>>> print(open('query-v2.cif').read())   # mmCIF, C-alpha atoms
data_my_file
loop_
_atom_site.label_atom_id
_atom_site.label_comp_id
_atom_site.auth_asym_id
_atom_site.auth_seq_id
_atom_site.Cartn_x
_atom_site.Cartn_y
_atom_site.Cartn_z
CA MET A 1047 0.00 0.00 0.00
CA LYS A 1048 1.19 3.52 -0.69
CA TYR A 1049 1.57 5.93 2.19
CA GLY A 1050 2.61 9.55 2.64
CA ILE A 1051 3.00 12.04 5.50
CA ALA A 1052 1.68 15.59 5.37
CA LEU A 1053 0.64 18.68 7.29
CA PHE A 1054 -2.72 20.28 6.59
CA PRO A 1055 -2.78 24.05 7.13
CA SER A 1056 -5.81 25.82 8.61
CA LYS A 1057 -9.16 25.73 6.82
CA LYS A 1058 -8.70 29.41 5.93
CA LEU A 1059 -5.46 28.74 4.07
CA GLN A 1060 -6.81 25.53 2.49
CA ASP A 1061 -9.81 27.44 1.12
CA LEU A 1062 -7.54 30.10 -0.38
CA VAL A 1063 -5.24 27.48 -1.92
CA ASN A 1064 -8.18 25.50 -3.31
CA SER A 1065 -9.44 28.58 -5.15
CA TYR A 1066 -6.30 28.22 -7.31
CA ARG A 1067 -6.00 24.42 -7.27
CA LYS A 1068 -9.53 24.14 -8.62
CA ARG A 1069 -8.31 25.60 -11.88
CA TYR A 1070 -4.62 24.74 -11.93
CA ASP A 1071 -4.03 21.48 -10.05
CA PRO A 1072 -5.21 18.14 -11.47
CA HIS A 1073 -4.79 16.66 -7.96
CA TYR A 1074 -7.40 19.08 -6.59
CA ALA A 1075 -9.99 16.35 -5.94
CA LEU A 1076 -7.50 13.77 -4.64
CA VAL A 1077 -6.20 15.41 -1.47
CA SER A 1078 -6.71 18.59 0.57
CA PRO A 1079 -4.09 21.35 0.36
CA HIS A 1080 -1.04 20.21 2.30
CA VAL A 1081 2.69 20.39 2.97
CA THR A 1082 4.31 17.06 2.08
CA LEU A 1083 6.69 15.92 4.81
CA LYS A 1084 7.42 12.52 3.30
CA SER A 1085 6.47 11.64 -0.25
CA THR A 1086 4.88 8.36 -1.30
CA PHE A 1087 6.41 5.22 0.17
CA ASP A 1088 5.35 1.56 0.23
CA ALA A 1089 4.57 -0.38 3.39
CA SER A 1090 2.67 -3.52 4.30
CA GLU A 1091 -0.11 -3.46 6.90
CA GLU A 1092 2.28 -4.94 9.44
CA GLU A 1093 5.03 -2.46 8.63
CA ILE A 1094 2.70 0.51 8.87
CA LYS A 1095 1.73 -0.41 12.43
CA GLN A 1096 5.39 -0.17 13.39
CA VAL A 1097 5.69 3.12 11.49
CA ALA A 1098 2.63 4.53 13.28
CA LYS A 1099 4.10 3.55 16.62
CA GLU A 1100 7.33 5.32 15.76
CA LEU A 1101 5.40 8.38 14.54
CA ARG A 1102 3.54 8.59 17.87
CA HIS A 1103 6.89 8.78 19.59
CA THR A 1104 8.26 11.30 17.07
CA ALA A 1105 5.19 13.52 17.50
CA LYS A 1106 5.27 13.42 21.26
CA THR A 1107 8.88 14.53 21.40
CA ALA A 1108 8.47 17.26 18.75
CA LYS A 1109 6.84 20.68 19.11
CA PRO A 1110 4.10 22.55 17.23
CA LEU A 1111 5.46 24.19 14.08
CA ASP A 1112 5.33 27.76 12.84
CA LEU A 1113 4.04 27.86 9.29
CA GLU A 1114 4.73 31.15 7.58
CA ILE A 1115 4.00 32.08 3.98
CA LYS A 1116 5.61 35.14 2.44
CA LYS A 1117 5.63 34.41 -1.24
CA VAL A 1118 4.59 32.41 -4.26
CA SER A 1119 7.28 30.50 -6.14
CA SER A 1120 7.79 27.79 -8.77
CA PHE A 1121 9.90 24.67 -9.32
CA SER A 1122 10.28 25.62 -12.99
CA PRO A 1123 12.27 24.74 -15.09
CA VAL A 1124 12.54 21.37 -13.25
CA ASN A 1125 8.77 21.09 -12.84
CA ASN A 1126 5.97 23.48 -13.76
CA VAL A 1127 4.70 23.53 -10.18
CA ILE A 1128 3.48 26.80 -8.66
CA TYR A 1129 3.38 26.89 -4.88
CA LEU A 1130 3.18 28.90 -1.69
CA LYS A 1131 6.66 28.80 -0.26
CA VAL A 1132 6.66 27.81 3.41
CA GLU A 1133 9.46 29.60 5.23
CA PRO A 1134 11.92 26.92 6.35
CA THR A 1135 12.43 26.52 10.09
CA ASP A 1136 14.83 24.31 12.00
CA GLU A 1137 11.85 22.56 13.65
CA MET A 1138 10.23 21.67 10.33
CA GLN A 1139 13.52 20.48 8.86
CA GLU A 1140 14.14 18.38 11.95
CA LEU A 1141 10.70 16.79 11.76
CA HIS A 1142 11.26 16.08 8.06
CA ASP A 1143 14.62 14.48 8.84
CA ARG A 1144 13.14 12.30 11.58
CA LEU A 1145 10.53 11.09 9.08
CA HIS A 1146 13.39 9.78 6.92
CA THR A 1147 15.22 7.76 9.59
CA GLY A 1148 14.54 4.61 11.66
CA ALA A 1149 11.60 2.54 10.37
CA LEU A 1150 11.08 5.37 7.87
CA SER A 1151 14.63 5.40 6.59
CA SER A 1152 14.79 6.56 2.98
CA GLU A 1153 16.70 9.01 0.88
CA PRO A 1154 14.50 12.05 0.07
CA GLU A 1155 14.16 12.49 -3.69
CA TYR A 1156 14.89 16.21 -3.49
CA ALA A 1157 16.18 18.57 -0.82
CA PHE A 1158 13.27 19.51 1.45
CA VAL A 1159 11.56 22.67 0.18
CA PRO A 1160 8.40 22.95 2.28
CA HIS A 1161 5.55 24.20 0.10
CA ILE A 1162 1.83 24.10 -0.61
CA THR A 1163 1.07 23.41 -4.26
CA LEU A 1164 -1.25 25.84 -6.05
CA GLY A 1165 -0.89 24.42 -9.56
CA GLN A 1166 0.98 21.69 -11.43
CA ASN A 1167 1.23 19.86 -14.76
CA LEU A 1168 0.83 23.24 -16.47
CA SER A 1169 1.99 23.92 -19.99
CA ASP A 1170 4.94 26.32 -20.23
CA ASP A 1171 2.69 29.14 -21.44
CA GLU A 1172 0.03 28.59 -18.83
CA HIS A 1173 2.69 28.25 -16.14
CA SER A 1174 4.23 31.63 -16.90
CA ASP A 1175 0.82 33.34 -17.26
CA VAL A 1176 -0.50 31.96 -13.97
CA LEU A 1177 2.73 32.52 -12.08
CA GLY A 1178 2.86 36.11 -13.30
CA SER A 1179 -0.64 36.89 -12.11
CA ILE A 1180 -0.41 35.03 -8.78
CA LYS A 1181 2.94 36.62 -7.94
CA MET A 1182 1.26 40.01 -7.95
CA LEU A 1183 -0.88 38.94 -5.01
CA ASP A 1184 0.53 39.98 -1.70
CA ILE A 1185 0.14 36.76 0.29
CA HIS A 1186 1.29 36.86 3.89
CA HIS A 1187 0.12 34.25 6.32
CA LYS A 1188 1.29 32.84 9.63
CA GLU A 1189 -0.11 30.07 11.77
CA VAL A 1190 0.90 27.30 14.14
CA ILE A 1191 0.50 23.65 13.11
CA ASP A 1192 0.04 21.23 16.00
CA ARG A 1193 -0.38 17.92 14.15
CA PHE A 1194 0.63 15.87 11.14
CA HIS A 1195 -1.05 13.00 9.31
CA LEU A 1196 -0.13 9.63 7.87
CA LEU A 1197 -2.23 9.00 4.75
CA TYR A 1198 -2.72 6.12 2.34
CA GLN A 1199 -3.67 6.19 -1.31
CA LEU A 1200 -6.71 4.50 -2.82
CA ASP A 1201 -6.72 2.95 -6.30
CA ASN A 1202 -8.38 6.07 -7.74
CA GLY A 1203 -5.41 8.18 -6.59
CA SER A 1204 -7.20 9.88 -3.68
CA TRP A 1205 -5.77 9.94 -0.16
CA THR A 1206 -7.42 8.89 3.10
CA VAL A 1207 -5.99 9.70 6.54
CA TYR A 1208 -4.72 6.64 8.43
CA GLU A 1209 -3.77 8.42 11.61
CA THR A 1210 -3.20 11.87 13.08
CA PHE A 1211 -0.26 12.68 15.33
CA LEU A 1212 -0.37 15.61 17.75
CA LEU A 1213 2.91 17.48 18.04
CA GLY A 1214 4.38 17.80 21.51
CA LYS A 1215 1.40 16.31 23.23
CA GLU A 1216 0.76 13.35 25.42
CA SER A 1217 -2.55 12.08 24.07
CA GLU A 1218 -5.03 12.09 26.92
CA MET B 748 -16.86 25.48 11.08
CA LYS B 749 -18.63 22.31 10.05
CA TYR B 750 -17.49 19.01 11.50
CA GLY B 751 -18.50 15.37 11.18
CA ILE B 752 -17.41 12.02 12.59
CA ALA B 753 -16.87 8.92 10.47
CA LEU B 754 -15.27 5.50 10.12
CA PHE B 755 -13.22 4.67 7.07
CA PRO B 756 -13.33 0.99 6.08
CA SER B 757 -10.25 -0.80 4.72
CA LYS B 758 -8.66 0.32 1.46
CA LYS B 759 -10.01 -2.84 -0.21
CA LEU B 760 -13.60 -1.96 0.62
CA GLN B 761 -13.08 1.74 -0.18
CA ASP B 762 -11.77 0.81 -3.63
CA LEU B 763 -14.80 -1.39 -4.29
CA VAL B 764 -17.22 1.30 -3.10
CA ASN B 765 -15.47 3.98 -5.16
CA SER B 766 -15.97 1.91 -8.33
CA TYR B 767 -19.71 2.63 -7.87
CA ARG B 768 -19.45 6.11 -6.33
CA LYS B 769 -17.42 7.28 -9.31
CA ARG B 770 -20.54 6.91 -11.44
CA TYR B 771 -23.36 7.27 -8.95
CA ASP B 772 -22.31 9.57 -6.10
CA PRO B 773 -21.82 13.31 -6.66
CA HIS B 774 -19.87 13.41 -3.37
CA TYR B 775 -17.29 11.01 -4.80
CA ALA B 776 -14.51 13.61 -4.92
CA LEU B 777 -15.38 15.25 -1.60
CA VAL B 778 -14.71 12.47 0.89
CA SER B 779 -13.45 8.86 0.94
CA PRO B 780 -16.01 6.04 1.39
CA HIS B 781 -17.13 6.05 5.01
CA VAL B 782 -19.70 5.18 7.66
CA THR B 783 -21.09 8.40 9.16
CA LEU B 784 -21.21 8.20 12.95
CA LYS B 785 -22.26 11.80 13.48
CA SER B 786 -23.54 13.97 10.68
CA THR B 787 -22.51 17.59 10.11
CA PHE B 788 -22.43 19.80 13.20
CA ASP B 789 -21.13 23.30 13.89
CA ALA B 790 -18.39 24.09 16.35
CA SER B 791 -15.94 26.92 17.00
CA GLU B 792 -12.21 26.29 17.17
CA GLU B 793 -12.39 26.48 20.95
CA GLU B 794 -15.34 24.12 21.15
CA ILE B 795 -13.73 21.55 18.89
CA LYS B 796 -10.72 21.29 21.20
CA GLN B 797 -13.06 20.28 24.00
CA VAL B 798 -14.85 17.86 21.65
CA ALA B 799 -11.53 16.30 20.61
CA LYS B 800 -10.57 15.85 24.24
CA GLU B 801 -13.87 14.10 24.93
CA LEU B 802 -13.43 11.94 21.82
CA ARG B 803 -10.00 10.81 23.03
CA HIS B 804 -11.64 9.61 26.21
CA THR B 805 -14.54 8.00 24.33
CA ALA B 806 -12.15 6.14 22.03
CA LYS B 807 -9.92 4.91 24.82
CA THR B 808 -12.85 3.39 26.69
CA ALA B 809 -14.43 1.83 23.58
CA LYS B 810 -13.33 -1.27 21.65
CA PRO B 811 -12.52 -2.01 18.00
CA LEU B 812 -15.69 -2.60 15.98
CA ASP B 813 -16.76 -5.46 13.76
CA LEU B 814 -17.88 -4.15 10.40
CA GLU B 815 -19.84 -6.70 8.41
CA ILE B 816 -21.55 -6.20 5.06
CA LYS B 817 -24.13 -8.70 3.84
CA LYS B 818 -26.26 -6.74 1.44
CA VAL B 819 -26.99 -3.68 -0.64
CA SER B 820 -30.01 -1.57 0.29
CA SER B 821 -31.66 1.81 -0.36
CA PHE B 822 -33.28 4.63 1.62
CA SER B 823 -35.89 5.00 -1.13
CA PRO B 824 -38.62 6.30 -1.13
CA VAL B 825 -37.32 8.75 1.53
CA ASN B 826 -34.04 9.32 -0.33
CA ASN B 827 -32.68 7.78 -3.50
CA VAL B 828 -29.55 6.63 -1.70
CA ILE B 829 -28.08 3.21 -2.49
CA TYR B 830 -25.73 1.82 0.13
CA LEU B 831 -23.91 -1.14 1.61
CA LYS B 832 -25.79 -1.99 4.76
CA VAL B 833 -23.48 -2.35 7.74
CA GLU B 834 -24.83 -5.01 10.10
CA PRO B 835 -25.78 -3.20 13.31
CA THR B 836 -23.90 -4.21 16.45
CA ASP B 837 -24.37 -3.11 20.04
CA GLU B 838 -20.82 -1.71 20.06
CA MET B 839 -21.40 0.49 17.02
CA GLN B 840 -24.76 1.71 18.34
CA GLU B 841 -23.13 2.51 21.67
CA LEU B 842 -20.32 4.46 20.04
CA HIS B 843 -22.90 6.35 17.96
CA ASP B 844 -24.90 7.16 21.10
CA ARG B 845 -21.84 8.40 22.94
CA LEU B 846 -21.11 10.72 20.02
CA HIS B 847 -24.51 12.34 20.63
CA THR B 848 -24.11 13.06 24.36
CA GLY B 849 -21.95 15.32 26.54
CA ALA B 850 -20.11 18.06 24.59
CA LEU B 851 -21.56 16.39 21.48
CA SER B 852 -25.16 16.38 22.67
CA SER B 853 -27.58 16.53 19.75
CA GLU B 854 -30.63 14.73 18.51
CA PRO B 855 -29.73 12.49 15.55
CA GLU B 856 -31.75 13.43 12.50
CA TYR B 857 -32.68 9.82 11.78
CA ALA B 858 -32.42 6.52 13.62
CA PHE B 859 -28.86 5.22 13.20
CA VAL B 860 -28.65 2.96 10.16
CA PRO B 861 -24.93 2.34 9.67
CA HIS B 862 -24.14 2.31 5.96
CA ILE B 863 -21.61 3.09 3.27
CA THR B 864 -23.09 5.12 0.42
CA LEU B 865 -22.65 3.78 -3.11
CA GLY B 866 -24.87 6.27 -4.92
CA GLN B 867 -27.11 9.25 -4.18
CA ASN B 868 -29.09 12.08 -5.80
CA LEU B 869 -30.21 9.58 -8.44
CA SER B 870 -33.33 10.06 -10.52
CA ASP B 871 -36.10 7.53 -9.78
CA ASP B 872 -35.38 5.62 -12.98
CA GLU B 873 -31.63 5.56 -12.48
CA HIS B 874 -32.09 4.59 -8.85
CA SER B 875 -34.16 1.52 -9.66
CA ASP B 876 -31.89 0.49 -12.55
CA VAL B 877 -28.73 0.79 -10.51
CA LEU B 878 -30.22 -0.80 -7.39
CA GLY B 879 -31.49 -3.73 -9.47
CA SER B 880 -28.09 -4.41 -10.96
CA ILE B 881 -26.05 -3.90 -7.79
CA LYS B 882 -28.41 -6.09 -5.74
CA MET B 883 -27.48 -9.02 -7.95
CA LEU B 884 -23.90 -8.79 -6.73
CA ASP B 885 -23.14 -11.08 -3.87
CA ILE B 886 -21.28 -8.77 -1.54
CA HIS B 887 -20.04 -10.26 1.70
CA HIS B 888 -17.33 -8.56 3.66
CA LYS B 889 -16.10 -8.55 7.24
CA GLU B 890 -13.38 -6.57 8.92
CA VAL B 891 -12.41 -4.94 12.19
CA ILE B 892 -12.28 -1.15 12.50
CA ASP B 893 -9.90 0.15 15.14
CA ARG B 894 -10.26 3.92 14.73
CA PHE B 895 -12.62 6.76 13.89
CA HIS B 896 -12.04 10.27 12.57
CA LEU B 897 -13.20 13.79 13.27
CA LEU B 898 -13.34 15.73 9.99
CA TYR B 899 -14.04 19.32 8.97
CA GLN B 900 -15.49 20.64 5.77
CA LEU B 901 -13.78 23.11 3.45
CA ASP B 902 -15.67 25.77 1.48
CA ASN B 903 -15.61 23.58 -1.65
CA GLY B 904 -17.51 20.86 0.21
CA SER B 905 -14.56 18.48 0.64
CA TRP B 906 -13.60 17.02 4.01
CA THR B 907 -10.20 17.05 5.75
CA VAL B 908 -9.38 14.93 8.79
CA TYR B 909 -8.88 16.95 11.98
CA GLU B 910 -7.94 14.05 14.22
CA THR B 911 -7.93 10.27 14.39
CA PHE B 912 -9.01 8.36 17.50
CA LEU B 913 -7.84 4.80 18.15
CA LEU B 914 -10.49 2.57 19.67
CA GLY B 915 -9.61 0.89 22.91
CA LYS B 916 -6.03 2.01 22.89
CA GLU B 917 -3.85 4.06 25.15
CA SER B 918 -1.88 6.12 22.67
CA GLU B 919 1.77 5.40 23.22
#
>>> encode(input="query-v2.cif", output="structure tokens")
Amino acid sequence: MKYGIALFPSKKLQDLVNSYRKRYDPHYALVSPHVTLKSTFDASEEEIKQVAKELRHTAKTAKPLDLEIKKVSSFSPVNNVIYLKVEPTDEMQELHDRLHTGALSSEPEYAFVPHITLGQNLSDDEHSDVLGSIKMLDIHHKEVIDRFHLLYQLDNGSWTVYETFLLGKESE
Amino acid sequence: MKYGIALFPSKKLQDLVNSYRKRYDPHYALVSPHVTLKSTFDASEEEIKQVAKELRHTAKTAKPLDLEIKKVSSFSPVNNVIYLKVEPTDEMQELHDRLHTGALSSEPEYAFVPHITLGQNLSDDEHSDVLGSIKMLDIHHKEVIDRFHLLYQLDNGSWTVYETFLLGKESE
């Protein structure tokens, strides 16, 4: 089964992001707006129980994260992906790194650039048009994220949450 | 903000259900296949923290649930909704009842008929055609559900998981 780990920002930010994704992101209907912490990986049902156990420990010993957005950016020319850049913090990098060690050991495909996708799979022309117009928006946003989620993918490509992990909290 | 509480069945069952929902359920892209335990309710961000706390307690003192499917049914003529009937159990009824007391006190709109929707908003003709053909399938399925989820709704109608609660488990 395919799994991934992500943060969901507040409803307010998700609604804003969806207003762009609706038009520019073919994954719009498959998953809510998110920051990917660990991209798709395979695990059996037995393995994922061990992973979840490790994630509970990771979450408990981590702290809530500041999520700050100051600008729109793009992965072009590597990929025509337009995104809200999430300002990197040591805490977020550390959480990312811990999600790539132990039972979750794997080499990240790219360096970690925390982001929330607004649009992808765009043609070169559409990419530069959309990026030009979105860049003119003055997007500033700051919030605290106190949880992350382990998700699995269904055959139709959509994602369902397997479990939520509260950052820095003993579950009561 | 609008919240709801649901169970997600296994990926295997979700994939099967989605093969029908894709054609017959306009909510297909908004949420993964599920059993609704508590339908949409309003809560503020402060209130939902209290609700989540109560749900943690509820989950810890409950037990994993048997989910058994023996047949396809319909809410017609009240609603043209075709669904997999989930065999009622005392444990599921009890969990449902506890999700309608305390901080979650509310009168359920209907008697609790646990089900997984396959199709809805169908015309009368389509409803009877589809029901006739699906009823011929011999669907038998049994699994154990060890968690439930509190979700919130975005402006576009889609649902994001707020928190997962493990049944009968001290989180470690």
>>> atom_distance(input="query-v2.cif", atom1="CA of Thr1104 (chain A)", atom2="CA of Pro811 (chain B)")
24.7 Å
>>> closest_atom_pairs(input="query-v2.cif", of="chain A", to="chain B", cutoff="8 Å", atoms="all atoms listed in the file", output="Markdown table")
| residue | atom | partner | partner_atom | distance |
| --- | --- | --- | --- | --- |
| A:Lys1057 | CA | B:Leu901 | CA | 6.3 |
| A:Gln1060 | CA | B:Leu901 | CA | 7.4 |
| A:Asp1061 | CA | B:Asp902 | CA | 6.1 |
| A:Asn1064 | CA | B:Asn903 | CA | 7.9 |
| A:Ala1075 | CA | B:Ala776 | CA | 5.4 |
| A:Leu1076 | CA | B:Ala776 | CA | 7.0 |
| A:Ser1078 | CA | B:Thr907 | CA | 6.4 |
| A:Lys1099 | CA | B:Glu919 | CA | 7.2 |
| A:Arg1102 | CA | B:Glu919 | CA | 6.5 |
| A:His1103 | CA | B:Glu919 | CA | 7.1 |
| A:Leu1200 | CA | B:Lys758 | CA | 6.3 |
| A:Asp1201 | CA | B:Asp762 | CA | 6.1 |
| A:Asn1202 | CA | B:Asp762 | CA | 7.5 |
| A:Ser1204 | CA | B:Ser779 | CA | 7.8 |
| A:Trp1205 | CA | B:Ser779 | CA | 7.8 |
| A:Thr1206 | CA | B:Ser779 | CA | 6.4 |
| A:Val1207 | CA | B:Val908 | CA | 6.6 |
| A:Tyr1208 | CA | B:Thr911 | CA | 7.7 |
| A:Glu1209 | CA | B:Thr911 | CA | 5.3 |
| A:Thr1210 | CA | B:Thr911 | CA | 5.2 |
| A:Phe1211 | CA | B:Glu910 | CA | 7.9 |
| A:Ser1217 | CA | B:Ser918 | CA | 6.2 |
| A:Glu1218 | CA | B:Arg803 | CA | 6.4 |
>>> residues_near_point(input="query-v2.cif", point="(-1.9, 20.4, -16.0)", cutoff="8 Å", atoms="all atoms listed in the file", output="compact mmCIF listing (two decimals) with C-alpha atoms, in the frame of the given file")
# COMPACT_ATOMS: atom_id res chain seq x y z
CA TYR A 1070 -4.62 24.74 -11.93
CA ASP A 1071 -4.03 21.48 -10.05
CA PRO A 1072 -5.21 18.14 -11.47
CA GLY A 1165 -0.89 24.42 -9.56
CA GLN A 1166 0.98 21.69 -11.43
CA ASN A 1167 1.23 19.86 -14.76
CA LEU A 1168 0.83 23.24 -16.47
CA SER A 1169 1.99 23.92 -19.99
>>> resolve_selection(input="query-v2.cif", expression="the PyMOL selection byres ((chain B and resi 795) around 10)", output="JSON, numbers by chain")
{"B": [748, 750, 789, 790, 791, 792, 793, 794, 796, 797, 798, 799, 800, 801, 850, 851, 897, 909]}
>>> resolve_selection(input="query-v2.cif", expression="the PyMOL selection byres ((chain A and resi 1138-1140) around 12)", output="PyMOL selection string")
chain A and resi 1052-1053+1081-1084+1104-1105+1107-1114+1132-1137+1141-1147+1157-1161+1190-1194+1213
>>> resolve_selection(input="query-v2.cif", expression="the PyMOL selection byres ((chain A and resi 1127) around 7)", output="PyMOL selection string")
chain A and resi 1120-1122+1125-1126+1128-1129+1163+1165-1167
>>> closest_atom_pairs(input="query-v2.cif", of="region 807-874 of chain B", to="region 879-888 of chain B", cutoff="9 Å", atoms="all atoms listed in the file", output="JSON lines")
{"residue": "B:Leu814", "atom": "CA", "partner": "B:His888", "partner_atom": "CA", "distance": 8.1}
{"residue": "B:Glu815", "atom": "CA", "partner": "B:His888", "partner_atom": "CA", "distance": 5.7}
{"residue": "B:Ile816", "atom": "CA", "partner": "B:His888", "partner_atom": "CA", "distance": 5.0}
{"residue": "B:Lys817", "atom": "CA", "partner": "B:His887", "partner_atom": "CA", "distance": 4.9}
{"residue": "B:Lys818", "atom": "CA", "partner": "B:Ile886", "partner_atom": "CA", "distance": 6.1}
{"residue": "B:Val819", "atom": "CA", "partner": "B:Lys882", "partner_atom": "CA", "distance": 5.8}
{"residue": "B:Ser820", "atom": "CA", "partner": "B:Lys882", "partner_atom": "CA", "distance": 7.7}
{"residue": "B:Leu831", "atom": "CA", "partner": "B:Ile886", "partner_atom": "CA", "distance": 8.7}
{"residue": "B:His874", "atom": "CA", "partner": "B:Gly879", "partner_atom": "CA", "distance": 8.4}
>>> closest_residue(input="query-v2.cif", among="B:His781, B:Leu878, B:Arg770, B:Phe788", to="Gly751 (chain B)", atoms="all atoms listed in the file")
B:Phe788
>>> atom_distance(input="query-v2.cif", atom1="CA of Glu1172 (chain A)", atom2="CA of Arg1067 (chain A)")
13.7 Å
>>> atom_distance(input="query-v2.cif", atom1="CA of Val877 (chain B)", atom2="CA of Pro824 (chain B)")
14.7 Å
